[in-house]
file my_file.cif (mmCIF, C-alpha atoms and all ligand atoms)
data_work
loop_
_atom_site.label_atom_id
_atom_site.label_comp_id
_atom_site.auth_asym_id
_atom_site.auth_seq_id
_atom_site.Cartn_x
_atom_site.Cartn_y
_atom_site.Cartn_z
CA LYS P 1 0.00 0.00 0.00
CA ARG P 2 1.06 3.56 -0.65
CA LEU P 3 1.25 6.03 2.24
CA VAL P 4 1.46 9.80 2.05
CA VAL P 5 2.43 11.27 5.44
CA LEU P 6 1.66 14.87 6.42
CA VAL P 7 3.79 16.63 9.04
CA SER P 8 4.21 20.07 10.59
CA GLY P 9 7.06 19.55 13.00
CA SER P 10 9.73 17.23 14.28
CA GLY P 11 8.41 14.17 12.47
CA THR P 12 9.31 11.54 15.05
CA ASN P 13 6.11 9.66 14.22
CA LEU P 14 7.09 9.74 10.56
CA GLN P 15 10.55 8.48 11.53
CA ALA P 16 9.01 5.60 13.47
CA LEU P 17 7.08 4.59 10.36
CA LEU P 18 10.17 4.88 8.16
CA ASP P 19 12.24 2.81 10.60
CA ALA P 20 9.56 0.13 10.96
CA ILE P 21 9.21 -0.18 7.18
CA ALA P 22 12.99 -0.30 6.72
CA ASP P 23 13.31 -2.96 9.44
CA ALA P 24 10.47 -5.19 8.27
CA GLY P 25 10.73 -4.53 4.54
CA VAL P 26 7.90 -3.04 2.50
CA ASP P 27 6.27 -6.40 1.74
CA ALA P 28 6.20 -7.62 5.32
CA TYR P 29 5.07 -4.27 6.72
CA GLY P 30 2.47 -3.94 4.00
CA ALA P 31 3.07 -0.31 3.08
CA GLU P 32 5.66 2.23 2.05
CA VAL P 33 5.88 5.99 2.43
CA VAL P 34 5.75 7.38 -1.11
CA ALA P 35 5.73 11.08 -0.21
CA VAL P 36 5.80 13.45 2.76
CA GLY P 37 3.97 16.77 2.74
CA ALA P 38 4.02 19.72 5.12
CA ASP P 39 2.16 22.98 5.61
CA ARG P 40 5.43 24.80 6.24
CA GLY P 41 8.98 24.60 4.94
CA ALA P 42 12.17 23.77 6.81
CA VAL P 43 10.73 21.43 9.40
CA GLU P 44 12.62 18.42 10.68
CA GLY P 45 9.90 16.11 9.39
CA LEU P 46 10.71 17.13 5.80
CA ALA P 47 14.43 16.72 6.45
CA ARG P 48 13.80 13.19 7.70
CA ALA P 49 11.97 12.38 4.45
CA GLU P 50 14.75 13.89 2.35
CA ARG P 51 17.38 11.86 4.19
CA ALA P 52 15.35 8.75 3.43
CA GLY P 53 15.17 9.71 -0.27
CA ILE P 54 11.40 10.25 -0.17
CA PRO P 55 9.80 13.01 -2.30
CA THR P 56 8.43 15.96 -0.33
CA PHE P 57 6.03 18.81 -0.99
CA VAL P 58 5.05 21.95 0.91
CA CYS P 59 1.60 23.52 0.79
CA ARG P 60 1.40 26.76 2.81
CA VAL P 61 -1.94 28.38 3.63
CA LYS P 62 -0.51 31.84 3.04
CA ASP P 63 0.37 31.02 -0.57
CA PHE P 64 -3.33 30.69 -1.45
CA ALA P 65 -6.20 33.16 -1.70
CA ASP P 66 -8.22 31.38 0.94
CA ARG P 67 -8.47 28.26 2.99
CA ASP P 68 -10.56 26.39 0.39
CA GLU P 69 -7.97 26.95 -2.32
CA TRP P 70 -5.24 25.76 0.02
CA ASP P 71 -7.30 22.68 0.85
CA ALA P 72 -7.87 21.86 -2.82
CA ALA P 73 -4.16 22.33 -3.58
CA LEU P 74 -3.19 20.09 -0.68
CA ALA P 75 -5.64 17.44 -1.91
CA GLU P 76 -4.15 17.71 -5.41
CA ALA P 77 -0.56 17.43 -4.13
CA VAL P 78 -1.45 14.36 -2.09
CA ALA P 79 -3.47 12.78 -4.92
CA ALA P 80 -0.49 13.11 -7.27
CA HIS P 81 1.19 10.36 -5.23
CA GLU P 82 -1.83 8.05 -5.47
CA PRO P 83 -1.98 7.05 -1.81
CA ASP P 84 -4.04 4.22 -0.38
CA LEU P 85 -3.78 5.83 3.07
CA VAL P 86 -2.90 9.35 4.15
CA VAL P 87 -1.39 9.74 7.62
CA SER P 88 -1.46 12.98 9.57
CA ALA P 89 1.53 12.59 11.90
CA GLY P 90 1.70 15.85 13.80
CA PHE P 91 0.10 17.79 10.93
CA MET P 92 -1.31 20.84 12.68
CA LYS P 93 -3.92 21.94 10.15
CA ILE P 94 -7.57 21.09 9.79
CA VAL P 95 -8.31 19.96 6.25
CA GLY P 96 -11.44 21.07 4.41
CA LYS P 97 -14.28 19.64 2.33
CA GLU P 98 -12.35 18.91 -0.83
CA PHE P 99 -9.62 17.00 0.99
CA LEU P 100 -12.18 14.94 2.91
CA ALA P 101 -14.21 14.29 -0.23
CA ARG P 102 -11.14 12.68 -1.78
CA PHE P 103 -9.49 11.04 1.22
CA GLY P 104 -12.25 10.60 3.80
CA GLY P 105 -12.23 7.06 5.16
CA ARG P 106 -8.52 6.67 4.44
CA PHE P 107 -7.11 9.66 6.29
CA VAL P 108 -5.61 8.65 9.65
CA ASN P 109 -4.60 11.08 12.40
CA THR P 110 -2.78 10.64 15.66
CA HIS P 111 -3.78 12.80 18.61
CA PRO P 112 -1.93 13.09 21.95
CA ALA P 113 -4.91 12.53 24.27
CA LEU P 114 -7.62 9.95 24.89
CA LEU P 115 -10.41 11.22 22.66
CA PRO P 116 -13.12 12.34 23.03
CA SER P 117 -11.35 14.07 25.94
CA PHE P 118 -9.05 16.96 25.10
CA PRO P 119 -9.37 17.40 21.34
CA GLY P 120 -7.66 20.29 19.57
CA ALA P 121 -4.16 21.65 19.33
CA HIS P 122 -3.30 21.39 23.06
CA GLY P 123 -4.39 17.92 24.06
CA VAL P 124 -1.45 17.36 26.41
CA ARG P 125 -1.65 20.75 28.11
CA ASP P 126 -5.42 20.52 28.49
CA ALA P 127 -5.31 17.06 30.11
CA LEU P 128 -2.65 18.29 32.55
CA ALA P 129 -4.56 21.46 33.37
CA TYR P 130 -7.75 19.47 33.93
CA GLY P 131 -5.98 17.24 36.45
CA ALA P 132 -6.54 14.00 34.55
CA ARG P 133 -4.59 11.10 36.10
CA VAL P 134 -4.43 9.12 32.87
CA THR P 135 -4.17 10.37 29.34
CA GLY P 136 -2.57 8.95 26.22
CA CYS P 137 -2.98 8.94 22.48
CA THR P 138 -5.63 8.13 19.92
CA VAL P 139 -5.21 6.98 16.33
CA HIS P 140 -8.42 7.74 14.44
CA PHE P 141 -9.89 8.43 11.04
CA VAL P 142 -10.42 12.09 10.26
CA ASP P 143 -13.92 13.40 9.69
CA ASP P 144 -15.19 16.96 9.33
CA GLY P 145 -14.90 17.76 13.05
CA VAL P 146 -11.81 18.48 15.12
CA ASP P 147 -10.48 15.11 16.35
CA THR P 148 -13.98 13.60 16.23
CA GLY P 149 -13.61 10.79 13.68
CA PRO P 150 -13.93 7.02 14.32
CA ILE P 151 -11.33 5.73 16.76
CA ILE P 152 -9.02 2.96 15.58
CA ALA P 153 -6.80 2.45 18.64
CA GLN P 154 -5.74 4.15 21.85
CA GLY P 155 -2.79 3.94 24.22
CA VAL P 156 -2.83 4.93 27.89
CA VAL P 157 -0.18 6.94 29.73
CA GLU P 158 -0.29 7.77 33.46
CA VAL P 159 0.16 11.35 34.51
CA ARG P 160 2.88 11.85 37.13
CA ASP P 161 2.76 14.49 39.87
CA GLU P 162 5.96 16.07 38.61
CA ASP P 163 4.86 16.18 34.94
CA ASP P 164 4.98 19.34 32.92
CA GLU P 165 3.58 19.50 29.37
CA SER P 166 6.82 18.57 27.68
CA ALA P 167 7.69 15.61 29.96
CA LEU P 168 4.18 14.22 29.62
CA HIS P 169 4.13 14.77 25.86
CA GLU P 170 7.43 12.90 25.49
CA ARG P 171 6.04 9.85 27.33
CA ILE P 172 2.85 10.02 25.26
CA LYS P 173 4.88 10.18 22.06
CA GLU P 174 6.75 6.98 22.94
CA VAL P 175 3.42 5.15 23.11
CA GLU P 176 2.02 7.08 20.16
CA ARG P 177 4.83 6.12 17.79
CA ARG P 178 4.48 2.41 18.58
CA LEU P 179 0.70 2.58 18.24
CA LEU P 180 0.79 4.44 14.92
CA VAL P 181 3.28 2.00 13.42
CA GLU P 182 1.18 -0.95 14.56
CA VAL P 183 -2.14 0.50 13.42
CA VAL P 184 -1.01 1.69 9.99
CA GLY P 185 0.60 -1.68 9.32
CA ARG P 186 -2.56 -3.56 10.30
CA LEU P 187 -4.80 -1.29 8.21
CA ALA P 188 -2.50 -1.71 5.23
CA ARG P 189 -2.04 -5.47 5.52
CA ASN P 190 -5.51 -6.54 6.55
CA GLY P 191 -7.89 -4.00 5.09
CA TYR P 192 -10.70 -2.53 7.18
CA ARG P 193 -14.19 -1.17 7.13
CA ILE P 194 -15.77 1.70 9.00
CA GLU P 195 -19.22 0.92 10.42
CA GLY P 196 -20.56 4.14 11.84
CA ARG P 197 -18.14 4.97 14.64
CA LYS P 198 -16.64 1.50 14.72
CA VAL P 199 -13.53 0.57 12.80
CA VAL P 200 -13.27 -3.13 12.00
CA ILE P 201 -9.86 -4.31 10.87
CA GLN P 202 -10.29 -7.52 8.90
C1 LIG N 301 2.36 14.17 18.22
O1 LIG N 301 2.22 14.02 19.61
C2 LIG N 301 1.04 14.42 17.56
O2 LIG N 301 -0.01 13.68 18.08
C3 LIG N 301 0.86 15.86 17.92
O3 LIG N 301 2.12 16.44 17.65
C4 LIG N 301 3.10 15.44 17.88
C5 LIG N 301 3.92 15.31 16.62
O4 LIG N 301 5.16 14.80 16.89
N1 LIG N 301 -0.25 16.46 17.25
P1 LIG N 301 6.20 14.46 15.72
O5 LIG N 301 6.24 15.64 14.77
O6 LIG N 301 5.74 13.20 15.06
O7 LIG N 301 7.50 14.27 16.43
#
call {"tool": "encode", "arguments": {"input": "my_file.cif", "output": "structure tokens", "more": "lines below"}}
Ligand code: GRF
result
Amino acid sequence: KRLVVLVSGSGTNLQALLDAIADAGVDAYGAEVVAVGADRGAVEGLARAERAGIPTFVCRVKDFADRDEWDAALAEAVAAHEPDLVVSAGFMKIVGKEFLARFGGRFVNTHPALLPSFPGAHGVRDALAYGARVTGCTVHFVDDGVDTGPIIAQGVVEVRDEDDESALHERIKEVERRLLVEVVGRLARNGYRIEGRKVVIQ
């Protein structure tokens, strides 16, 4: 299967995918990363792709007249690589109608909290501020809400008394990377169907 991965930052989730695919081999893993896209230039996630010899593209909101045009351009850039699955791995933009029309049902996101708790851009900070004693990460399909799509898998992380946002986020990301690698591989190898809010991996 062909994966396009979207990033906005450090790209450690992308790296985990690249490492897992390199270790297992494309056939055994069931998928390969054919392109990496970002909504900004000069991020470490793009550099990781370049080091791995994977084509990259950048699609910046400010280069387009409005959000819909950006969304259509992003969809077009992704479609050019003919992906079976698109993975948002720390991609910090909400996609629009056009993107979802083309990739809905095969667009996977990873979020650093146990949805439906703490959606949005500050899932780690919000869980900490709320006083939650457990949090974690959620791999889910993207729908037209913010972090509201059908859940595929979740991982739990305990909050420690001494945690600040960055310490907690680092522990979440260790779980998140393993979960994402496992989930994407299973989706790619086994196939799946989405029944309402339930994701059934065959
Ligand atoms: C992840 O925790 C992701 O869930 C969040 O941002 C982080 C991205 O990390 N939205 P990286 O860029 O994969 O290192």
call {"tool": "atom_distance", "arguments": {"input": "my_file.cif", "atom1": "CA of Val134 (chain P)", "atom2": "atom C1 of ligand LIG 301 (chain N)"}}
result
16.9 Å
call {"tool": "atom_distance", "arguments": {"input": "my_file.cif", "atom1": "CA of Pro83 (chain P)", "atom2": "CA of Arg186 (chain P)"}}
result
16.1 Å
call {"tool": "closest_residue", "arguments": {"input": "my_file.cif", "among": "P:Pro119, P:Pro55, P:Gly105, P:Gly155", "to": "Glu195 (chain P)", "atoms": "only C-alpha atoms"}}
result
P:Gly105
call {"tool": "residues_around", "arguments": {"input": "my_file.cif", "residues": "Lys198 (chain P)", "least_positions_apart": "5", "cutoff": "9 Å", "atoms": "only C-alpha atoms", "output": "number ranges by chain"}}
result
P: 150-152, 193
call {"tool": "residues_around", "arguments": {"input": "my_file.cif", "residues": "Arg178 (chain P)", "least_positions_apart": "5", "cutoff": "9 Å", "atoms": "all atoms listed in the file", "output": "compact mmCIF listing (two decimals) with C-alpha atoms, in the coordinates of the input"}}
result
# COMPACT_ATOMS: atom_id res chain seq x y z
CA ASN P 13 6.11 9.66 14.22
CA ALA P 16 9.01 5.60 13.47
CA LEU P 17 7.08 4.59 10.36
CA LYS P 173 4.88 10.18 22.06
CA VAL P 183 -2.14 0.50 13.42
call {"tool": "residues_around", "arguments": {"input": "my_file.cif", "residues": "Glu162 (chain P)", "least_positions_apart": "5", "cutoff": "12 Å", "atoms": "only C-alpha atoms", "output": "list in words"}}
result
Leu128, Arg133, Ala167 and Leu168 of chain P
call {"tool": "write_last_selection", "arguments": {"input": "my_file.cif", "atoms": "C-alpha atoms", "output": "short mmCIF file (atom, residue, chain, number, x, y, z; two decimals), in the frame of the given file"}}
result
data_model
loop_
_atom_site.label_atom_id
_atom_site.label_comp_id
_atom_site.auth_asym_id
_atom_site.auth_seq_id
_atom_site.Cartn_x
_atom_site.Cartn_y
_atom_site.Cartn_z
CA LEU P 128 -2.65 18.29 32.55
CA ARG P 133 -4.59 11.10 36.10
CA ALA P 167 7.69 15.61 29.96
CA LEU P 168 4.18 14.22 29.62
#
call {"tool": "residues_near_ligand", "arguments": {"input": "my_file.cif", "ligand": "ligand LIG 301 (chain N)", "cutoff": "10 Å", "atoms": "all atoms listed in the file", "output": "count of residues only"}}
result
45
call {"tool": "atom_distance", "arguments": {"input": "my_file.cif", "atom1": "CA of Phe64 (chain P)", "atom2": "CA of Ala35 (chain P)"}}
result
21.6 Å
call {"tool": "closest_residue", "arguments": {"input": "my_file.cif", "among": "P:Val142, P:Ala31, P:Ala49, P:Leu115", "to": "Ala101 (chain P)", "atoms": "all atoms listed in the file"}}
result
P:Val142
call {"tool": "closest_residue", "arguments": {"input": "my_file.cif", "among": "P:Val181, P:Ala22, P:Ala72, P:Val108", "to": "Asp84 (chain P)", "atoms": "only C-alpha atoms"}}
result
P:Val108
call {"tool": "closest_residue", "arguments": {"input": "my_file.cif", "among": "P:Ala28, P:Val58, P:Val86, P:Val36", "to": "Leu74 (chain P)", "atoms": "only C-alpha atoms"}}
result
P:Val58
call {"tool": "closest_residue", "arguments": {"input": "my_file.cif", "among": "P:Asp27, P:Glu158, P:Asp147, P:Asp126", "to": "Arg2 (chain P)", "atoms": "only C-alpha atoms"}}
result
P:Asp27
call {"tool": "residues_around", "arguments": {"input": "my_file.cif", "residues": "Cys59 (chain P)", "least_positions_apart": "6", "cutoff": "8 Å", "atoms": "all atoms listed in the file", "output": "CSV table (one decimal) with C-alpha atoms, in the coordinates of the input"}}
result
chain,number,residue,atom,x,y,z
P,37,GLY,CA,4.0,16.8,2.7
P,38,ALA,CA,4.0,19.7,5.1
P,39,ASP,CA,2.2,23.0,5.6
P,40,ARG,CA,5.4,24.8,6.2
P,70,TRP,CA,-5.2,25.8,0.0
P,73,ALA,CA,-4.2,22.3,-3.6
P,74,LEU,CA,-3.2,20.1,-0.7
call {"tool": "build_atoms", "arguments": {"input": "my_file.cif", "residues": "region 122-143 of chain P", "atoms": "N, CA and C atoms", "output": "mmCIF file, in the coordinates of the input"}}
result
data_model
loop_
_atom_site.group_PDB
_atom_site.id
_atom_site.type_symbol
_atom_site.label_atom_id
_atom_site.label_comp_id
_atom_site.auth_asym_id
_atom_site.auth_seq_id
_atom_site.Cartn_x
_atom_site.Cartn_y
_atom_site.Cartn_z
ATOM 1 N N HIS P 122 -4.046 21.440 21.794
ATOM 2 C CA HIS P 122 -3.300 21.390 23.060
ATOM 3 C C HIS P 122 -3.761 20.247 23.949
ATOM 4 N N GLY P 123 -3.870 19.068 23.333
ATOM 5 C CA GLY P 123 -4.390 17.920 24.060
ATOM 6 C C GLY P 123 -3.597 17.571 25.308
ATOM 7 N N VAL P 124 -2.293 17.719 25.261
ATOM 8 C CA VAL P 124 -1.450 17.360 26.410
ATOM 9 C C VAL P 124 -1.620 18.400 27.515
ATOM 10 N N ARG P 125 -1.500 19.650 27.156
ATOM 11 C CA ARG P 125 -1.650 20.750 28.110
ATOM 12 C C ARG P 125 -3.032 20.742 28.764
ATOM 13 N N ASP P 126 -4.059 20.480 27.971
ATOM 14 C CA ASP P 126 -5.420 20.520 28.490
ATOM 15 C C ASP P 126 -5.675 19.372 29.480
ATOM 16 N N ALA P 127 -5.138 18.192 29.191
ATOM 17 C CA ALA P 127 -5.310 17.060 30.110
ATOM 18 C C ALA P 127 -4.609 17.353 31.438
ATOM 19 N N LEU P 128 -3.425 17.931 31.354
ATOM 20 C CA LEU P 128 -2.650 18.290 32.550
ATOM 21 C C LEU P 128 -3.392 19.348 33.362
ATOM 22 N N ALA P 129 -3.868 20.368 32.689
ATOM 23 C CA ALA P 129 -4.560 21.460 33.370
ATOM 24 C C ALA P 129 -5.860 20.977 34.022
ATOM 25 N N TYR P 130 -6.486 19.989 33.399
ATOM 26 C CA TYR P 130 -7.750 19.470 33.930
ATOM 27 C C TYR P 130 -7.513 18.632 35.186
ATOM 28 N N GLY P 131 -6.282 18.108 35.317
ATOM 29 C CA GLY P 131 -5.980 17.240 36.450
ATOM 30 C C GLY P 131 -6.257 15.775 36.169
ATOM 31 N N ALA P 132 -6.336 15.412 34.891
ATOM 32 C CA ALA P 132 -6.540 14.000 34.550
ATOM 33 C C ALA P 132 -5.375 13.169 35.083
ATOM 34 N N ARG P 133 -5.660 11.967 35.581
ATOM 35 C CA ARG P 133 -4.590 11.100 36.100
ATOM 36 C C ARG P 133 -4.093 10.127 35.048
ATOM 37 N N VAL P 134 -4.908 9.877 34.036
ATOM 38 C CA VAL P 134 -4.430 9.120 32.870
ATOM 39 C C VAL P 134 -4.780 9.898 31.618
ATOM 40 N N THR P 135 -3.887 9.816 30.657
ATOM 41 C CA THR P 135 -4.170 10.370 29.340
ATOM 42 C C THR P 135 -3.519 9.419 28.335
ATOM 43 N N GLY P 136 -3.168 9.886 27.169
ATOM 44 C CA GLY P 136 -2.570 8.950 26.220
ATOM 45 C C GLY P 136 -2.649 9.450 24.808
ATOM 46 N N CYS P 137 -2.929 8.543 23.892
ATOM 47 C CA CYS P 137 -2.980 8.940 22.480
ATOM 48 C C CYS P 137 -4.065 8.143 21.779
ATOM 49 N N THR P 138 -4.534 8.720 20.692
ATOM 50 C CA THR P 138 -5.630 8.130 19.920
ATOM 51 C C THR P 138 -5.273 8.167 18.443
ATOM 52 N N VAL P 139 -5.347 7.022 17.792
ATOM 53 C CA VAL P 139 -5.210 6.980 16.330
ATOM 54 C C VAL P 139 -6.630 6.818 15.779
ATOM 55 N N HIS P 140 -7.026 7.737 14.901
ATOM 56 C CA HIS P 140 -8.420 7.740 14.440
ATOM 57 C C HIS P 140 -8.503 8.202 12.986
ATOM 58 N N PHE P 141 -9.628 7.890 12.369
ATOM 59 C CA PHE P 141 -9.890 8.430 11.040
ATOM 60 C C PHE P 141 -10.377 9.866 11.189
ATOM 61 N N VAL P 142 -10.038 10.691 10.216
ATOM 62 C CA VAL P 142 -10.420 12.090 10.260
ATOM 63 C C VAL P 142 -11.786 12.273 9.612
ATOM 64 N N ASP P 143 -12.670 12.987 10.314
ATOM 65 C CA ASP P 143 -13.920 13.400 9.690
ATOM 66 C C ASP P 143 -13.974 14.929 9.688
#
